[in-house]
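Asks: Below is the file my_file_29.txt, which contains compact mmCIF, C-alpha atoms and all ligand atoms.
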# COMPACT_ATOMS: atom_id res chain seq x y z
CA MET V 1 113.55 93.71 172.83
CA LYS V 2 117.33 93.67 172.51
CA ILE V 3 119.25 95.86 174.94
CA LEU V 4 122.91 96.80 174.65
CA VAL V 5 124.59 97.40 178.01
CA LEU V 6 127.80 99.43 178.09
CA ASN V 7 130.29 99.91 180.89
CA ALA V 8 133.01 102.41 180.00
CA GLY V 9 136.23 102.59 182.02
CA SER V 10 139.13 104.97 181.54
CA SER V 11 140.72 102.78 178.84
CA SER V 12 138.11 100.06 178.42
CA LEU V 13 134.58 99.46 177.18
CA LYS V 14 132.66 96.37 178.27
CA TYR V 15 129.49 95.41 176.42
CA GLN V 16 126.70 92.87 176.58
CA LEU V 17 123.79 92.47 174.21
CA PHE V 18 120.69 90.95 175.85
CA ASN V 19 117.62 89.40 174.36
CA MET V 20 115.13 90.45 177.03
CA GLU V 21 112.44 87.99 175.93
CA THR V 22 114.68 85.07 176.87
CA ALA V 23 117.01 86.86 179.34
CA GLU V 24 119.83 85.55 177.16
CA VAL V 25 123.20 87.19 176.54
CA LEU V 26 123.57 87.16 172.74
CA ALA V 27 127.12 88.51 172.76
CA LYS V 28 129.50 90.21 175.12
CA GLY V 29 133.00 91.52 175.08
CA LEU V 30 135.65 93.95 176.08
CA CYS V 31 137.60 96.68 174.31
CA GLU V 32 140.89 97.34 176.07
CA ARG V 33 143.78 99.79 175.86
CA ILE V 34 141.56 102.50 174.37
CA GLY V 35 143.74 105.48 173.51
CA ALA V 36 146.94 103.44 173.81
CA GLY V 37 146.78 100.79 171.09
CA GLY V 38 143.65 98.70 171.33
CA ALA V 39 142.32 95.15 171.56
CA VAL V 40 138.85 93.62 171.36
CA THR V 41 137.60 90.33 172.75
CA HIS V 42 134.17 89.36 171.45
CA LYS V 43 132.27 86.34 172.81
CA ARG V 44 129.11 84.53 171.80
CA PRO V 45 127.57 81.48 173.47
CA ASN V 46 128.82 78.20 172.00
CA ALA V 47 131.46 79.87 169.83
CA GLN V 48 135.19 80.44 170.15
CA PRO V 49 135.95 83.96 171.43
CA TYR V 50 137.15 86.28 168.69
CA THR V 51 140.07 88.58 169.53
CA GLU V 52 141.76 91.29 167.52
CA GLU V 53 144.41 93.95 168.02
CA THR V 54 143.16 97.14 166.47
CA GLU V 55 143.72 100.87 166.89
CA LEU V 56 141.07 102.20 169.30
CA ALA V 57 141.74 105.92 169.45
CA ASP V 58 138.83 106.74 171.76
CA HIS V 59 135.55 105.37 173.14
CA GLY V 60 133.74 106.38 169.93
CA VAL V 61 136.06 104.27 167.77
CA ALA V 62 135.73 101.38 170.22
CA LEU V 63 131.94 101.57 170.14
CA SER V 64 131.90 101.66 166.30
CA ARG V 65 134.00 98.52 166.29
CA VAL V 66 131.66 96.82 168.78
CA LEU V 67 128.62 97.70 166.65
CA SER V 68 130.23 96.38 163.49
CA LEU V 69 131.20 93.13 165.25
CA LEU V 70 127.65 92.72 166.59
CA CYS V 71 126.31 93.12 163.05
CA SER V 72 129.08 91.30 161.15
CA ASP V 73 128.36 88.24 159.00
CA GLN V 74 131.06 86.20 160.64
CA TYR V 75 130.86 87.17 164.32
CA GLY V 76 127.57 89.01 164.54
CA VAL V 77 124.35 88.19 166.35
CA ILE V 78 122.07 90.82 164.76
CA LYS V 79 121.59 91.98 161.17
CA SER V 80 121.68 95.71 161.83
CA ILE V 81 121.86 98.12 164.76
CA ASP V 82 118.16 98.85 164.18
CA GLU V 83 117.51 95.62 166.08
CA ILE V 84 118.87 97.22 169.25
CA GLY V 85 115.89 98.60 171.20
CA ALA V 86 117.80 100.72 173.73
CA VAL V 87 121.20 101.21 175.33
CA GLY V 88 121.88 101.05 179.07
CA HIS V 89 125.00 102.68 180.49
CA ARG V 90 126.60 101.78 183.78
CA VAL V 91 127.42 105.09 185.47
CA ALA V 92 129.18 104.88 188.82
CA HIS V 93 128.04 108.22 190.20
CA GLY V 94 124.70 109.98 189.92
CA GLY V 95 125.54 112.62 192.53
CA GLU V 96 122.74 113.92 194.76
CA GLN V 97 120.33 114.73 191.95
CA LEU V 98 120.13 111.57 189.84
CA LYS V 99 118.38 109.38 192.38
CA GLU V 100 117.13 106.73 189.99
CA SER V 101 118.01 105.20 186.64
CA SER V 102 117.29 107.92 184.08
CA VAL V 103 116.70 108.33 180.37
CA ILE V 104 119.71 110.25 179.12
CA THR V 105 118.93 113.80 178.03
CA GLU V 106 121.15 116.80 177.48
CA SER V 107 120.49 117.93 181.06
CA VAL V 108 121.51 114.52 182.46
CA VAL V 109 124.83 114.72 180.58
CA LYS V 110 125.31 118.32 181.77
CA TYR V 111 124.71 117.31 185.39
CA LEU V 112 127.14 114.37 185.08
CA GLU V 113 129.73 116.88 183.83
CA THR V 114 129.19 119.08 186.88
CA ILE V 115 129.94 116.19 189.27
CA VAL V 116 133.19 115.11 187.61
CA PRO V 117 135.18 116.79 190.44
CA ILE V 118 133.71 114.29 192.94
CA ASN V 119 133.96 111.41 190.45
CA PRO V 120 137.22 112.10 188.62
CA LEU V 121 138.11 108.50 187.73
CA HIS V 122 134.81 107.07 186.54
CA GLY V 123 132.94 110.19 185.40
CA PRO V 124 134.88 111.17 182.26
CA PRO V 125 134.88 107.68 180.63
CA ALA V 126 131.17 107.19 181.38
CA ILE V 127 130.40 110.55 179.77
CA ALA V 128 132.64 109.67 176.80
CA GLY V 129 130.74 106.38 176.33
CA ILE V 130 127.38 108.15 176.49
CA LYS V 131 128.45 110.85 174.02
CA ALA V 132 129.85 108.26 171.61
CA CYS V 133 126.55 106.41 171.71
CA LEU V 134 124.46 109.55 171.22
CA LYS V 135 126.55 110.33 168.15
CA LEU V 136 126.40 106.85 166.62
CA MET V 137 122.81 105.99 167.56
CA PRO V 138 121.10 109.39 168.00
CA THR V 139 117.52 108.13 167.79
CA LEU V 140 117.87 105.31 170.31
CA THR V 141 116.72 105.61 173.94
CA GLN V 142 119.75 105.66 176.21
CA VAL V 143 119.45 105.03 179.90
CA ALA V 144 121.97 105.69 182.68
CA VAL V 145 121.93 103.31 185.63
CA PHE V 146 123.84 104.64 188.63
CA ASP V 147 125.75 102.65 191.25
CA THR V 148 124.81 105.34 193.76
CA SER V 149 121.05 105.46 193.23
CA PHE V 150 120.25 102.46 195.44
CA TYR V 151 121.41 104.67 198.32
CA SER V 152 119.30 107.71 197.55
CA ASP V 153 116.93 106.96 200.46
CA ILE V 154 119.65 106.63 203.09
CA GLU V 155 118.92 108.95 206.00
CA ASP V 156 121.07 112.00 206.59
CA PHE V 157 122.53 110.81 209.90
CA ARG V 158 124.00 107.88 207.97
CA TYR V 159 125.39 109.85 205.05
CA ILE V 160 126.66 113.01 206.71
CA TYR V 161 130.26 112.81 207.92
CA PRO V 162 131.02 114.37 211.29
CA ILE V 163 133.12 117.18 209.80
CA PRO V 164 132.09 120.86 209.44
CA TYR V 165 128.65 120.86 207.81
CA GLU V 166 129.65 123.38 205.16
CA PHE V 167 131.79 120.70 203.46
CA TYR V 168 128.56 118.88 202.78
CA GLU V 169 126.61 121.98 201.79
CA ASN V 170 129.29 123.59 199.63
CA ASP V 171 131.39 120.68 198.44
CA LYS V 172 128.90 117.79 198.52
CA ILE V 173 131.23 115.70 200.68
CA ARG V 174 129.01 112.89 202.04
CA ARG V 175 128.55 109.14 201.84
CA TYR V 176 127.23 108.17 198.40
CA GLY V 177 127.77 104.40 198.37
CA PHE V 178 128.72 102.29 195.35
CA HIS V 179 128.02 98.83 193.82
CA GLY V 180 124.33 99.67 194.33
CA THR V 181 123.21 97.83 191.19
CA SER V 182 124.83 94.64 192.47
CA HIS V 183 123.38 94.96 195.99
CA ARG V 184 119.95 95.73 194.52
CA TYR V 185 120.13 92.72 192.20
CA VAL V 186 121.25 90.12 194.75
CA SER V 187 118.83 91.30 197.45
CA ALA V 188 115.91 91.13 194.98
CA GLU V 189 117.05 87.69 193.78
CA LEU V 190 117.23 86.42 197.35
CA ALA V 191 113.69 87.60 198.13
CA LYS V 192 112.48 85.79 194.98
CA ILE V 193 114.32 82.61 195.98
CA LEU V 194 112.97 82.70 199.53
CA GLY V 195 109.50 83.40 198.14
CA LYS V 196 109.03 86.33 200.52
CA PRO V 197 108.15 89.97 199.83
CA ILE V 198 111.38 91.96 200.00
CA GLU V 199 109.49 94.55 202.07
CA GLU V 200 109.51 92.03 204.93
CA LEU V 201 113.21 91.15 204.83
CA LYS V 202 116.30 92.50 206.56
CA ILE V 203 119.26 91.50 204.40
CA ILE V 204 123.00 92.21 204.54
CA THR V 205 124.60 91.91 201.11
CA CYS V 206 128.38 91.44 200.92
CA HIS V 207 129.79 92.34 197.49
CA LEU V 208 133.36 91.08 197.86
CA GLY V 209 135.56 91.50 194.81
CA ASN V 210 138.67 93.43 194.02
CA GLY V 211 136.57 96.33 195.28
CA SER V 212 134.24 95.39 198.13
CA SER V 213 131.24 96.86 199.86
CA ILE V 214 128.63 95.73 202.34
CA THR V 215 125.07 97.04 202.40
CA ALA V 216 122.18 96.81 204.85
CA VAL V 217 118.95 96.33 202.89
CA ASP V 218 115.86 96.79 205.05
CA GLY V 219 112.54 96.15 203.34
CA GLY V 220 114.13 96.36 199.88
CA LYS V 221 115.80 99.72 200.55
CA ALA V 222 119.47 100.26 201.30
CA ILE V 223 119.70 101.94 204.68
CA ASP V 224 123.48 101.97 205.11
CA THR V 225 126.57 100.92 203.19
CA SER V 226 130.31 100.67 203.75
CA MET V 227 131.60 102.69 200.79
CA GLY V 228 131.38 106.42 201.18
CA PHE V 229 132.36 109.63 199.40
CA THR V 230 134.43 107.37 197.14
CA PRO V 231 134.83 103.58 196.78
CA GLN V 232 137.85 103.90 199.08
CA GLU V 233 135.91 103.66 202.36
CA GLY V 234 134.87 100.46 204.11
CA ILE V 235 136.59 97.09 204.39
CA ALA V 236 140.10 96.19 203.13
CA MET V 237 140.01 95.47 199.37
CA GLY V 238 142.40 94.12 196.74
CA THR V 239 144.61 97.20 196.69
CA ARG V 240 142.50 99.74 198.63
CA SER V 241 142.96 100.30 202.34
CA GLY V 242 139.29 100.81 203.17
CA SER V 243 138.67 102.88 206.30
CA ILE V 244 141.68 103.98 208.32
CA ASP V 245 142.32 106.77 210.80
CA PRO V 246 142.33 109.88 208.55
CA THR V 247 145.30 111.25 210.46
CA VAL V 248 147.46 108.54 208.85
CA VAL V 249 147.17 110.59 205.64
CA THR V 250 148.41 113.85 207.13
CA TYR V 251 151.03 112.04 209.20
CA LEU V 252 152.48 110.42 206.05
CA MET V 253 152.45 113.75 204.24
CA LYS V 254 154.15 115.56 207.12
CA THR V 255 156.75 112.96 208.04
CA LYS V 256 157.56 111.47 204.62
CA GLY V 257 156.93 114.49 202.44
CA TYR V 258 154.42 112.65 200.26
CA THR V 259 152.14 114.71 198.06
CA ALA V 260 148.37 114.27 198.12
CA ASN V 261 148.57 112.25 194.90
CA GLU V 262 151.26 110.00 196.32
CA VAL V 263 149.28 109.20 199.46
CA GLU V 264 146.17 108.60 197.35
CA ASP V 265 148.18 106.22 195.20
CA ILE V 266 149.40 104.31 198.27
CA LEU V 267 145.92 104.01 199.77
CA ASN V 268 144.24 103.17 196.47
CA LYS V 269 146.74 101.00 194.65
CA LYS V 270 149.27 99.69 197.17
CA SER V 271 147.18 98.85 200.22
CA GLY V 272 144.51 96.28 201.08
CA LEU V 273 145.38 92.60 200.53
CA LEU V 274 148.39 93.63 198.43
CA GLY V 275 149.73 96.08 200.98
CA ILE V 276 149.32 93.77 203.97
CA SER V 277 150.70 90.65 202.28
CA GLY V 278 153.29 92.28 200.04
CA LEU V 279 152.38 89.51 197.60
CA SER V 280 149.21 90.05 195.61
CA ASN V 281 145.84 91.77 195.46
CA ASP V 282 144.24 88.50 194.36
CA CYS V 283 142.44 86.64 197.13
CA ARG V 284 143.22 83.28 195.47
CA ASN V 285 146.97 83.92 195.75
CA ILE V 286 146.60 85.24 199.30
CA THR V 287 144.64 82.15 200.33
CA GLU V 288 147.21 79.85 198.77
CA ALA V 289 150.08 81.65 200.49
CA ALA V 290 148.24 81.68 203.84
CA ASN V 291 147.63 77.93 203.55
CA ALA V 292 151.34 77.48 202.89
CA GLY V 293 152.10 79.29 206.15
CA ASN V 294 152.86 82.83 204.93
CA LYS V 295 152.12 84.94 208.03
CA ARG V 296 151.39 88.20 206.24
CA ALA V 297 148.99 86.47 203.85
CA GLU V 298 147.32 84.90 206.89
CA LEU V 299 147.07 88.36 208.44
CA ALA V 300 145.50 89.76 205.25
CA VAL V 301 142.82 87.04 205.31
CA LYS V 302 142.09 87.77 208.99
CA ILE V 303 141.85 91.53 208.43
CA LEU V 304 139.51 91.06 205.45
CA ALA V 305 137.23 88.57 207.22
CA ASN V 306 137.14 90.59 210.43
CA GLY V 307 136.17 93.76 208.55
CA ILE V 308 133.23 91.93 206.94
CA LYS V 309 132.18 90.45 210.29
CA LYS V 310 132.22 93.87 211.98
CA HIS V 311 130.01 95.38 209.29
CA ILE V 312 127.52 92.51 209.55
CA GLY V 313 127.29 93.08 213.30
CA ALA V 314 126.88 96.82 212.86
CA TYR V 315 124.20 96.51 210.21
CA ALA V 316 122.23 93.89 212.16
CA ALA V 317 122.23 96.42 215.01
CA GLU V 318 121.14 99.26 212.73
CA MET V 319 118.29 97.19 211.28
CA ASN V 320 117.36 95.74 214.69
CA GLY V 321 117.31 92.27 213.18
CA LEU V 322 118.57 90.10 210.38
CA ASP V 323 116.89 87.56 208.10
CA ALA V 324 119.60 86.86 205.56
CA VAL V 325 123.22 87.37 204.55
CA VAL V 326 124.25 87.24 200.88
CA PHE V 327 127.78 86.72 199.54
CA THR V 328 128.49 87.85 195.98
CA ALA V 329 131.21 88.94 193.48
CA GLY V 330 134.59 87.25 192.89
CA ILE V 331 135.52 86.56 196.52
CA GLY V 332 131.97 86.25 197.86
CA GLU V 333 131.01 83.73 195.19
CA ASN V 334 134.20 81.71 195.11
CA GLN V 335 136.29 81.91 198.28
CA TRP V 336 134.78 79.49 200.79
CA ASN V 337 137.58 80.20 203.26
CA ILE V 338 136.59 83.86 203.56
CA ARG V 339 132.88 82.99 203.95
CA GLU V 340 133.77 80.43 206.62
CA LYS V 341 135.93 82.88 208.58
CA VAL V 342 133.25 85.57 208.42
CA CYS V 343 130.42 83.26 209.53
CA GLU V 344 132.16 81.28 212.28
CA ASN V 345 131.16 82.29 215.81
CA MET V 346 128.19 84.34 214.64
CA SER V 347 125.49 82.14 216.18
CA TYR V 348 124.52 84.84 218.68
CA LEU V 349 123.23 86.77 215.63
CA GLY V 350 121.52 83.68 214.20
CA ILE V 351 124.14 83.21 211.46
CA GLU V 352 125.13 79.55 211.28
CA ILE V 353 126.45 78.00 208.10
CA ASP V 354 126.86 74.37 207.09
CA PHE V 355 130.65 74.15 206.67
CA ASP V 356 130.40 71.20 204.24
CA LYS V 357 127.89 72.97 202.01
CA ASN V 358 130.02 76.10 202.13
CA ARG V 359 133.13 74.19 201.00
CA ASN V 360 131.37 72.02 198.42
CA PHE V 361 129.13 74.73 196.96
CA THR V 362 128.10 74.75 193.30
CA ARG V 363 129.57 77.69 191.42
CA GLY V 364 127.55 80.06 189.27
CA ILE V 365 124.10 79.48 190.77
CA PRO V 366 122.34 80.74 193.90
CA PHE V 367 123.43 78.39 196.67
CA ASP V 368 122.14 78.04 200.23
CA ILE V 369 124.96 77.53 202.75
CA SER V 370 122.82 77.92 205.89
CA LYS V 371 122.93 75.25 208.55
CA GLU V 372 119.68 73.31 208.93
CA GLY V 373 117.43 75.29 211.29
CA ALA V 374 119.60 78.46 211.29
CA LYS V 375 117.64 81.61 212.15
CA VAL V 376 119.39 83.61 209.41
CA ALA V 377 119.51 82.36 205.80
CA THR V 378 123.03 82.60 204.33
CA TRP V 379 123.32 82.40 200.55
CA ILE V 380 125.82 82.75 197.74
CA ILE V 381 124.14 84.63 194.88
CA PRO V 382 126.07 85.35 191.67
CA THR V 383 125.71 89.02 190.85
CA ASP V 384 124.58 90.27 187.44
CA GLU V 385 124.85 94.03 187.30
CA GLU V 386 124.58 94.08 183.51
CA TYR V 387 121.25 92.26 183.53
CA MET V 388 119.92 94.62 186.19
CA ILE V 389 120.98 97.55 183.96
CA ALA V 390 119.22 95.90 181.01
CA ILE V 391 116.01 95.48 183.06
CA ASP V 392 116.00 99.16 184.10
CA THR V 393 116.78 100.20 180.52
CA GLN V 394 113.91 98.16 179.10
CA ARG V 395 111.50 99.51 181.74
CA LEU V 396 112.38 103.13 180.95
CA ALA V 397 112.57 102.61 177.19
CA THR V 398 109.09 101.10 177.02
CA LYS V 399 107.46 103.50 179.50
P1 LIG F 1 135.82 90.69 191.13
O1 LIG F 1 136.35 92.09 191.37
O2 LIG F 1 134.38 90.54 191.51
O3 LIG F 1 136.13 90.19 189.76
O4 LIG F 1 136.63 89.72 192.14
C1 LIG F 1 137.99 89.51 192.08
C2 LIG F 1 138.44 88.78 193.34
O5 LIG F 1 137.75 87.52 193.42
C3 LIG F 1 139.92 88.46 193.37
O6 LIG F 1 140.42 88.72 194.68
C4 LIG F 1 139.97 86.98 193.11
O7 LIG F 1 141.00 86.37 193.78
C5 LIG F 1 138.67 86.48 193.71
N1 LIG F 1 138.29 85.19 193.12
C6 LIG F 1 138.41 84.00 193.72
N2 LIG F 1 138.01 83.00 192.95
C7 LIG F 1 137.65 83.52 191.79
C8 LIG F 1 137.16 82.98 190.56
N3 LIG F 1 136.97 81.69 190.40
N4 LIG F 1 136.87 83.86 189.59
C9 LIG F 1 137.06 85.19 189.77
N5 LIG F 1 137.52 85.75 190.90
C10 LIG F 1 137.81 84.94 191.90
Show me the file's structure as structure tokens.
Ligand code: AMP

Replies:
Amino acid sequence: MKILVLNAGSSSLKYQLFNMETAEVLAKGLCERIGAGGAVTHKRPNAQPYTEETELADHGVALSRVLSLLCSDQYGVIKSIDEIGAVGHRVAHGGEQLKESSVITESVVKYLETIVPINPLHGPPAIAGIKACLKLMPTLTQVAVFDTSFYSDIEDFRYIYPIPYEFYENDKIRRYGFHGTSHRYVSAELAKILGKPIEELKIITCHLGNGSSITAVDGGKAIDTSMGFTPQEGIAMGTRSGSIDPTVVTYLMKTKGYTANEVEDILNKKSGLLGISGLSNDCRNITEAANAGNKRAELAVKILANGIKKHIGAYAAEMNGLDAVVFTAGIGENQWNIREKVCENMSYLGIEIDFDKNRNFTRGIPFDISKEGAKVATWIIPTDEEYMIAIDTQRLATK
């Protein structure tokens, strides 16, 4: 079966077409600047990427262009869209009701529309992508895979914030958690690699990218996670502050006259690695500057690594044990300096890495960086959220 996976952002649409028999990516690409010009990059294995500048008025136009490229004589990989067996959509937020990946029906779309207020950035483009697909391929099974659903079993004392309870009851303010598809994928991959039932493992998965989150996975289920009501909570990120004293917000508003939107902008887009260093949100640039002696870049690295370390300690305590730590996403997979800083002086928890292996790791494959005889296994596992979405989509489409 061939599965098309779509990930719609506010002005972008990412796609991947999988052949599920061979777990192969037949083609993938990105539509950018939707609604403000438009550009498409289309890639196939062993072929030069094809790029074009073209007017992409909305997500529907972008999707039409993707489908015609997938079927085109020159750049295509299928003869017609009838070869596509189902479509899987990445949807960031499933709210409290959509607890698992779901076949998209009218009521699913309606529910997604009702939770736009708590998901204002990612909700509208995801809904636009789904609607465009339903219009262009009305007979095809469409599946929504939610970043939040891995956290649907988290216990209330871990998702309720200590603020008046009516804000949860009336306004649905609670921890939801994000990046769930990535944490689910890498924890399942690790169990496979270790050859152990996931039900017997206590794993901490560190998804460290431009956005970062850390999750405690006990027996295959997420029991706690660092992101919360929004992807703003948790450790310092590329441009996001992560958790800070909430009074900083009101203090800034009162003393500087900032509006709510302005403070949100500062905490979302001007903080994190960028805010601390004043240089860049990109961990590669921060590392380079820190190595060259830039004190604020050094500070950014320390703050990031210390935040990860604290979460690992907290989650080992919550799980009452730890079998494995996984590093994934852009920073987790590539930045050995961050992994080293996180894992040094963690032997009391059983985390001991081989510093040589960690520095000389092989990119793009699961890689064991544990020290010989370490109690806790520490691995780098490349994430593959799109493949996980394709697997869920196939399972539901063939049910
Ligand atoms: P992501 O959001 O998962 O794409 O991760 C982006 C972050 O990973 C940025 O801070 C990058 O600096 C960092 N990174 C480091 N090395 C690489 C690499 N080789 N490829 C992609 N991202 C990298």

Asks: Counting all atoms listed in the file, which residues have an atom no more than 10 Å from (145.0, 100.8, 165.7) in the file's coordinates? Please list them as a PyMOL selection string.

Replies: chain V and resi 34-39+53-57+61

Asks: Could you check how far CA of Ile235 (chain V) sits from CA of Ile308 (chain V), in Å to one decimal?

Replies: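 Going from CA of Ile235 (chain V) over to CA of Ile308 (chain V), I get 6.7 Å.
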
Asks: Of the residues V:Val5, V:Leu322, V:Ala374, V:Met237, which is the one nearest to ligand LIG 1 (chain F), using all atoms listed in the file?

Replies: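 Closest to ligand LIG 1 (chain F), using all atoms listed in the file: V:Met237.
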
Asks: Which residues of chain V come within 9 Å of ligand LIG 1 (chain F), and for each one, what is the closest pair of atoms and their distance in Å to one decimal, counting all atoms listed in the file, sorted by chain and residue number, as a tab-separated table?

Replies:
residue	atom	partner	partner_atom	distance
V:His207	CA	F:LIG1	O2	7.8
V:Leu208	CA	F:LIG1	O2	6.5
V:Gly209	CA	F:LIG1	O4	3.4
V:Asn210	CA	F:LIG1	O1	3.8
V:Gly211	CA	F:LIG1	O1	5.8
V:Ser212	CA	F:LIG1	O1	7.8
V:Met237	CA	F:LIG1	O6	8.2
V:Gly238	CA	F:LIG1	O6	6.1
V:Leu273	CA	F:LIG1	O6	8.6
V:Ser280	CA	F:LIG1	O6	8.9
V:Asn281	CA	F:LIG1	O6	6.3
V:Asp282	CA	F:LIG1	O6	3.8
V:Cys283	CA	F:LIG1	O7	3.7
V:Arg284	CA	F:LIG1	O7	4.2
V:Asn285	CA	F:LIG1	O7	6.7
V:Ile286	CA	F:LIG1	O7	7.9
V:Thr287	CA	F:LIG1	O7	8.6
V:Thr328	CA	F:LIG1	O2	7.9
V:Ala329	CA	F:LIG1	O2	4.1
V:Gly330	CA	F:LIG1	O5	3.2
V:Ile331	CA	F:LIG1	O5	3.9
V:Gly332	CA	F:LIG1	O5	7.4
V:Glu333	CA	F:LIG1	N2	7.4
V:Asn334	CA	F:LIG1	N2	4.6
V:Gln335	CA	F:LIG1	C6	5.4
V:Arg363	CA	F:LIG1	N3	8.5
V:Thr383	CA	F:LIG1	O2	8.8

Asks: Can you tell me how far CA of Arg395 (chain V) sits from CA of Ile84 (chain V), in Å to one decimal?

Replies: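 A separation of 14.7 Å between them.
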
Asks: Interatomic distance between CA of Tyr348 (chain V) and CA of Ala324 (chain V)?

Replies: 14.2 Å

Asks: Tell me, as an MDAnalysis selection string, which residues lie within 12 Å of region 258-264 of chain V, counting only C-alpha atoms; anything in the same chain fewer than 2 positions away does not count.

Replies: chainID V and resid 230 232 239:242 246:256 266:271

Asks: For the residues selected in the previous step, produce a file with C-alpha atoms as an mmCIF file, in the frame of the given file.

Replies:
data_model
loop_
_atom_site.group_PDB
_atom_site.id
_atom_site.type_symbol
_atom_site.label_atom_id
_atom_site.label_comp_id
_atom_site.auth_asym_id
_atom_site.auth_seq_id
_atom_site.Cartn_x
_atom_site.Cartn_y
_atom_site.Cartn_z
ATOM 1 C CA THR V 230 134.430 107.370 197.140
ATOM 2 C CA GLN V 232 137.850 103.900 199.080
ATOM 3 C CA THR V 239 144.610 97.200 196.690
ATOM 4 C CA ARG V 240 142.500 99.740 198.630
ATOM 5 C CA SER V 241 142.960 100.300 202.340
ATOM 6 C CA GLY V 242 139.290 100.810 203.170
ATOM 7 C CA PRO V 246 142.330 109.880 208.550
ATOM 8 C CA THR V 247 145.300 111.250 210.460
ATOM 9 C CA VAL V 248 147.460 108.540 208.850
ATOM 10 C CA VAL V 249 147.170 110.590 205.640
ATOM 11 C CA THR V 250 148.410 113.850 207.130
ATOM 12 C CA TYR V 251 151.030 112.040 209.200
ATOM 13 C CA LEU V 252 152.480 110.420 206.050
ATOM 14 C CA MET V 253 152.450 113.750 204.240
ATOM 15 C CA LYS V 254 154.150 115.560 207.120
ATOM 16 C CA THR V 255 156.750 112.960 208.040
ATOM 17 C CA LYS V 256 157.560 111.470 204.620
ATOM 18 C CA ILE V 266 149.400 104.310 198.270
ATOM 19 C CA LEU V 267 145.920 104.010 199.770
ATOM 20 C CA ASN V 268 144.240 103.170 196.470
ATOM 21 C CA LYS V 269 146.740 101.000 194.650
ATOM 22 C CA LYS V 270 149.270 99.690 197.170
ATOM 23 C CA SER V 271 147.180 98.850 200.220
#

Asks: Please supply region 288-292 of chain V, rebuilt with all heavy atoms, as a PDB file, keeping the file's coordinate frame.

Replies:
ATOM      1  N   GLU V 288     146.204  80.887 199.012  1.00  0.00           N
ATOM      2  CA  GLU V 288     147.210  79.850 198.770  1.00  0.00           C
ATOM      3  C   GLU V 288     148.447  80.071 199.657  1.00  0.00           C
ATOM      4  O   GLU V 288     148.945  79.154 200.307  1.00  0.00           O
ATOM      5  CB  GLU V 288     147.631  79.918 197.291  1.00  0.00           C
ATOM      6  CG  GLU V 288     148.086  78.605 196.711  1.00  0.00           C
ATOM      7  CD  GLU V 288     148.379  78.789 195.222  1.00  0.00           C
ATOM      8  OE1 GLU V 288     147.450  79.125 194.451  1.00  0.00           O
ATOM      9  OE2 GLU V 288     149.551  78.652 194.860  1.00  0.00           O
ATOM     10  N   ALA V 289     148.892  81.334 199.695  1.00  0.00           N
ATOM     11  CA  ALA V 289     150.080  81.650 200.490  1.00  0.00           C
ATOM     12  C   ALA V 289     149.797  81.452 201.983  1.00  0.00           C
ATOM     13  O   ALA V 289     150.646  80.932 202.724  1.00  0.00           O
ATOM     14  CB  ALA V 289     150.522  83.087 200.221  1.00  0.00           C
ATOM     15  N   ALA V 290     148.596  81.852 202.417  1.00  0.00           N
ATOM     16  CA  ALA V 290     148.240  81.680 203.840  1.00  0.00           C
ATOM     17  C   ALA V 290     148.236  80.196 204.185  1.00  0.00           C
ATOM     18  O   ALA V 290     148.751  79.796 205.233  1.00  0.00           O
ATOM     19  CB  ALA V 290     146.877  82.314 204.118  1.00  0.00           C
ATOM     20  N   ASN V 291     147.667  79.383 203.296  1.00  0.00           N
ATOM     21  CA  ASN V 291     147.630  77.930 203.550  1.00  0.00           C
ATOM     22  C   ASN V 291     149.031  77.334 203.608  1.00  0.00           C
ATOM     23  O   ASN V 291     149.254  76.334 204.284  1.00  0.00           O
ATOM     24  CB  ASN V 291     146.814  77.209 202.456  1.00  0.00           C
ATOM     25  CG  ASN V 291     145.336  77.543 202.567  1.00  0.00           C
ATOM     26  OD1 ASN V 291     144.891  78.035 203.598  1.00  0.00           O
ATOM     27  ND2 ASN V 291     144.582  77.293 201.504  1.00  0.00           N
ATOM     28  N   ALA V 292     149.967  77.988 202.886  1.00  0.00           N
ATOM     29  CA  ALA V 292     151.340  77.480 202.890  1.00  0.00           C
ATOM     30  C   ALA V 292     152.139  78.053 204.063  1.00  0.00           C
ATOM     31  O   ALA V 292     153.352  77.844 204.163  1.00  0.00           O
ATOM     32  CB  ALA V 292     152.017  77.845 201.565  1.00  0.00           C
TER      33      ALA V 292
END
